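J.: So here's work13.txt, just compact mmCIF, C-alpha atoms:
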```txt
# COMPACT_ATOMS: atom_id res chain seq x y z
CA GLY A 1 100.23 40.80 111.31
CA ARG A 2 96.86 42.55 110.85
CA SER A 3 95.48 39.86 108.58
CA ARG A 4 96.54 37.04 110.93
CA ILE A 5 94.17 38.07 113.72
CA ALA A 6 90.42 38.68 113.43
CA TYR A 7 88.30 40.20 116.18
CA LEU A 8 84.56 39.70 116.51
CA ALA A 9 82.86 42.06 118.96
CA GLN A 10 79.92 40.99 121.09
CA LYS A 11 77.74 43.82 119.77
CA PRO A 12 78.93 44.92 116.35
CA GLN A 13 78.34 48.55 115.40
CA ILE A 14 77.35 49.16 111.78
CA ASN A 15 76.33 52.64 110.77
CA PRO A 16 72.61 52.46 109.85
CA ASP A 17 73.08 55.16 107.18
CA VAL A 18 75.56 53.08 105.18
CA PRO A 19 73.88 50.91 102.54
CA LEU A 20 75.74 47.64 102.84
CA LYS A 21 74.83 44.21 101.54
CA LEU A 22 75.94 41.05 103.30
CA ARG A 23 78.18 39.97 100.41
CA ARG A 24 80.09 43.27 100.56
CA LEU A 25 80.44 42.98 104.33
CA VAL A 26 82.06 39.57 103.92
CA GLN A 27 84.25 40.82 101.04
CA MET A 28 85.65 43.43 103.41
CA GLY A 29 87.63 40.61 104.97
CA THR A 30 89.80 40.54 101.84
CA TYR A 31 90.78 44.22 102.19
CA SER A 32 93.76 43.34 104.35
CA HIS A 33 95.20 41.58 101.31
CA HIS A 34 94.61 44.22 98.62
CA GLY A 35 93.46 47.52 100.13
CA TRP A 36 90.21 49.46 100.49
CA LEU A 37 89.94 51.08 97.06
CA GLU A 38 91.04 48.20 94.89
CA GLU A 39 88.28 45.89 93.62
CA CYS A 40 89.30 42.28 93.91
CA GLU A 41 87.34 39.41 92.45
CA HIS A 42 89.75 36.55 93.07
CA GLY A 43 88.25 36.15 96.54
CA ASP A 44 84.68 35.59 95.31
CA ALA A 45 84.92 31.82 95.70
CA ALA A 46 86.16 32.25 99.29
CA VAL A 47 83.31 34.66 100.01
CA ASP A 48 80.74 32.19 98.64
CA ARG A 49 82.32 29.32 100.60
CA ALA A 50 82.28 31.33 103.85
CA LEU A 51 78.67 32.42 103.32
CA SER A 52 77.68 28.83 102.59
CA ARG A 53 79.52 27.36 105.59
CA LEU A 54 77.72 29.80 107.86
CA GLY A 55 74.28 29.23 106.31
CA LEU A 56 74.06 32.67 104.70
CA LEU A 57 74.49 32.16 100.96
CA GLU A 58 70.81 32.76 100.19
CA LEU A 59 70.96 36.05 102.13
CA SER A 60 74.07 37.43 100.39
CA ASP A 61 72.17 40.20 98.56
CA GLN A 62 70.27 41.33 101.68
CA SER A 63 71.05 44.59 103.43
CA VAL A 64 72.98 43.96 106.64
CA HIS A 65 70.39 46.16 108.36
CA ALA A 66 67.64 43.66 107.48
CA LEU A 67 69.48 40.71 109.06
CA SER A 68 68.74 39.28 112.49
CA GLY A 69 71.41 39.64 115.16
CA GLY A 70 72.46 36.01 114.70
CA GLN A 71 72.68 36.36 110.93
CA LEU A 72 74.81 39.49 111.28
CA GLN A 73 77.09 37.75 113.78
CA ARG A 74 77.52 34.85 111.34
CA GLY A 75 78.23 37.33 108.53
CA LEU A 76 80.96 38.95 110.58
CA LEU A 77 82.42 35.52 111.28
CA ALA A 78 82.36 34.84 107.52
CA ARG A 79 84.25 38.12 107.03
CA ALA A 80 86.93 36.94 109.48
CA THR A 81 87.15 33.66 107.56
CA VAL A 82 87.89 35.29 104.19
CA GLN A 83 90.45 37.48 105.92
CA GLY A 84 92.49 34.30 106.29
CA ALA A 85 93.05 34.90 109.98
CA GLU A 86 94.83 32.24 111.99
CA ILE A 87 93.56 33.55 115.32
CA LEU A 88 89.97 34.47 116.08
CA LEU A 89 89.38 36.70 119.10
CA LEU A 90 85.72 36.36 120.03
CA ASP A 91 83.92 38.43 122.64
CA GLU A 92 80.85 36.53 123.86
CA PRO A 93 80.13 35.06 120.40
CA PHE A 94 77.03 33.17 121.54
CA ALA A 95 75.48 35.96 123.64
CA ALA A 96 72.76 37.09 121.22
CA LEU A 97 72.35 33.97 119.10
CA ASP A 98 69.23 31.88 118.74
CA GLN A 99 69.66 28.10 118.84
CA VAL A 100 69.97 27.69 115.05
CA SER A 101 72.67 30.36 114.74
CA ARG A 102 74.48 28.99 117.79
CA GLU A 103 74.63 25.50 116.28
CA ILE A 104 75.92 26.87 112.97
CA VAL A 105 78.61 28.95 114.70
CA GLU A 106 79.68 26.07 116.97
CA SER A 107 79.86 23.73 114.00
CA PHE A 108 82.04 26.23 112.19
CA LEU A 109 84.33 27.09 115.10
CA PHE A 110 84.97 23.51 116.11
CA ASN A 111 85.33 22.05 112.62
CA PRO A 112 88.60 20.08 112.62
CA GLU A 113 89.29 21.22 109.03
CA ASN A 114 89.76 24.81 110.20
CA ASN A 115 93.29 25.88 110.94
CA LEU A 116 92.20 28.39 113.54
CA THR A 117 93.09 29.20 117.06
CA VAL A 118 89.97 30.42 118.83
CA VAL A 119 90.30 32.70 121.84
CA MET A 120 86.90 33.37 123.32
CA ALA A 121 85.67 35.45 126.23
CA THR A 122 82.55 34.06 127.89
CA HIS A 123 80.65 34.26 131.15
CA ASP A 124 78.99 30.88 130.60
CA PRO A 125 81.06 27.95 131.94
CA ALA A 126 79.26 25.57 129.56
CA ASP A 127 80.79 27.42 126.58
CA SER A 128 84.28 26.57 127.75
CA GLN A 129 83.93 22.78 127.71
CA ARG A 130 85.30 22.33 124.18
CA PHE A 131 88.55 24.23 124.64
CA ASP A 132 92.05 22.96 125.46
CA ARG A 133 92.85 25.69 127.92
CA ILE A 134 90.54 27.72 130.06
CA LEU A 135 91.78 30.79 131.83
CA GLU A 136 89.64 32.19 134.60
CA LEU A 137 89.77 35.83 135.58
CA LYS A 138 88.35 36.18 139.05
CA ASN A 139 88.92 39.00 141.54
CA GLY A 140 91.72 40.35 139.38
CA GLN A 141 93.59 37.04 139.35
CA LEU A 142 94.21 35.00 136.20
CA THR A 143 94.49 31.24 136.66
CA THR A 144 94.40 28.20 134.44
CA ILE A 145 91.52 26.09 135.67
CA HIS A 146 91.57 23.38 133.03
CA ALA A 147 94.34 22.10 130.78
CA CYS A 148 92.37 19.25 129.16
CA GLN A 149 95.20 16.80 128.75
CA GLY A 150 94.46 13.62 126.87
CA HIS A 151 91.34 14.57 124.94
CA HIS A 152 90.89 15.13 121.22
CA HIS A 153 89.93 18.83 121.18
CA ARG A 154 92.52 21.04 119.58
CA HIS A 155 91.38 24.61 120.14
CA ALA A 156 92.86 26.86 122.79
```
Hey, can you dump this file as structure tokens for me?

T.:
Amino acid sequence: GRSRIAYLAQKPQINPDVPLKLRRLVQMGTYSHHGWLEECEHGDAAVDRALSRLGLLELSDQSVHALSGGQLQRGLLARATVQGAEILLLDEPFAALDQVSREIVESFLFNPENNLTVVMATHDPADSQRFDRILELKNGQLTTIHACQGHHHRHA
């Protein structure tokens, strides 16, 4: 089940002493399929596709420590994509994004060609408008505040 769910933290922690290029960060998403110590090149096309879809292909040889916060967030989303996850758990995915990165991430997340279930935590009510179900946690109570029946959005 590990490979079926991907989690993207609001503030990712990457050790600044570890030399890591963006391409390798994204390739790490394939480790759930073949292990940490085994080199695997059959996923290179998926890595390139994920980097391209998230506007990062030209940055693939950059150190992750030289990336902006939005670029790093998109790189981590690309890693989740090559993992082949069916469910994305996102903690405030738009919190530190500039407008360009936000548009790229939204375009990716809400692309009808993706077979993904997106579960997203947010404090911004505007972020929730594209989801099928919205659960509100308020004063320790969990309620469904919107079931979105009859529209064309398919994410929950």

J.: Show me, as number ranges by chain, the residues that have an atom within 10 Å of Gly75 in chain A when counting all atoms listed in the file, minus same-chain residues fewer than 5 positions from it.

T.: A: 22-23, 25-26, 50-51, 54-57, 59-60, 64, 67, 69-70, 80-81

J.: Have a look at A:Asp127, A:Glu113, A:Glu106, A:Glu136 and name the one nearest to Glu92 in chain A; count all atoms listed in the file.

T.: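 Ranked by minimum distance to Glu92 in chain A, first place goes to A:Asp127.
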
J.: Using all atoms listed in the file, list the residues that have an atom at most 10 Å from (77.4, 37.7, 121.0), coordinates as in the file, as a list in words.

T.: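 Applying the cut-off with all atoms listed in the file, one gets Leu8, Ala9, Gln10, Lys11, Pro12, Gly69, Gly70, Gln73, Leu90, Asp91, Glu92, Pro93, Phe94, Ala95, Ala96, Leu97, Arg102 and Thr122 of chain A.
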
J.: Considering only C-alpha atoms, state which residue in the set A:Thr144, A:Gln83, A:Ser101, A:Ser63 is at the smallest distance from Arg24 in chain A.

T.: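 With only C-alpha atoms as the atom set, the closest residue is A:Ser63.
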
J.: What does the distance from CA of Ser68 in chain A to CA of Val100 in chain A come to in Å, to one decimal?

T.: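 Separation of CA of Ser68 in chain A and CA of Val100 in chain A: 11.9 Å.
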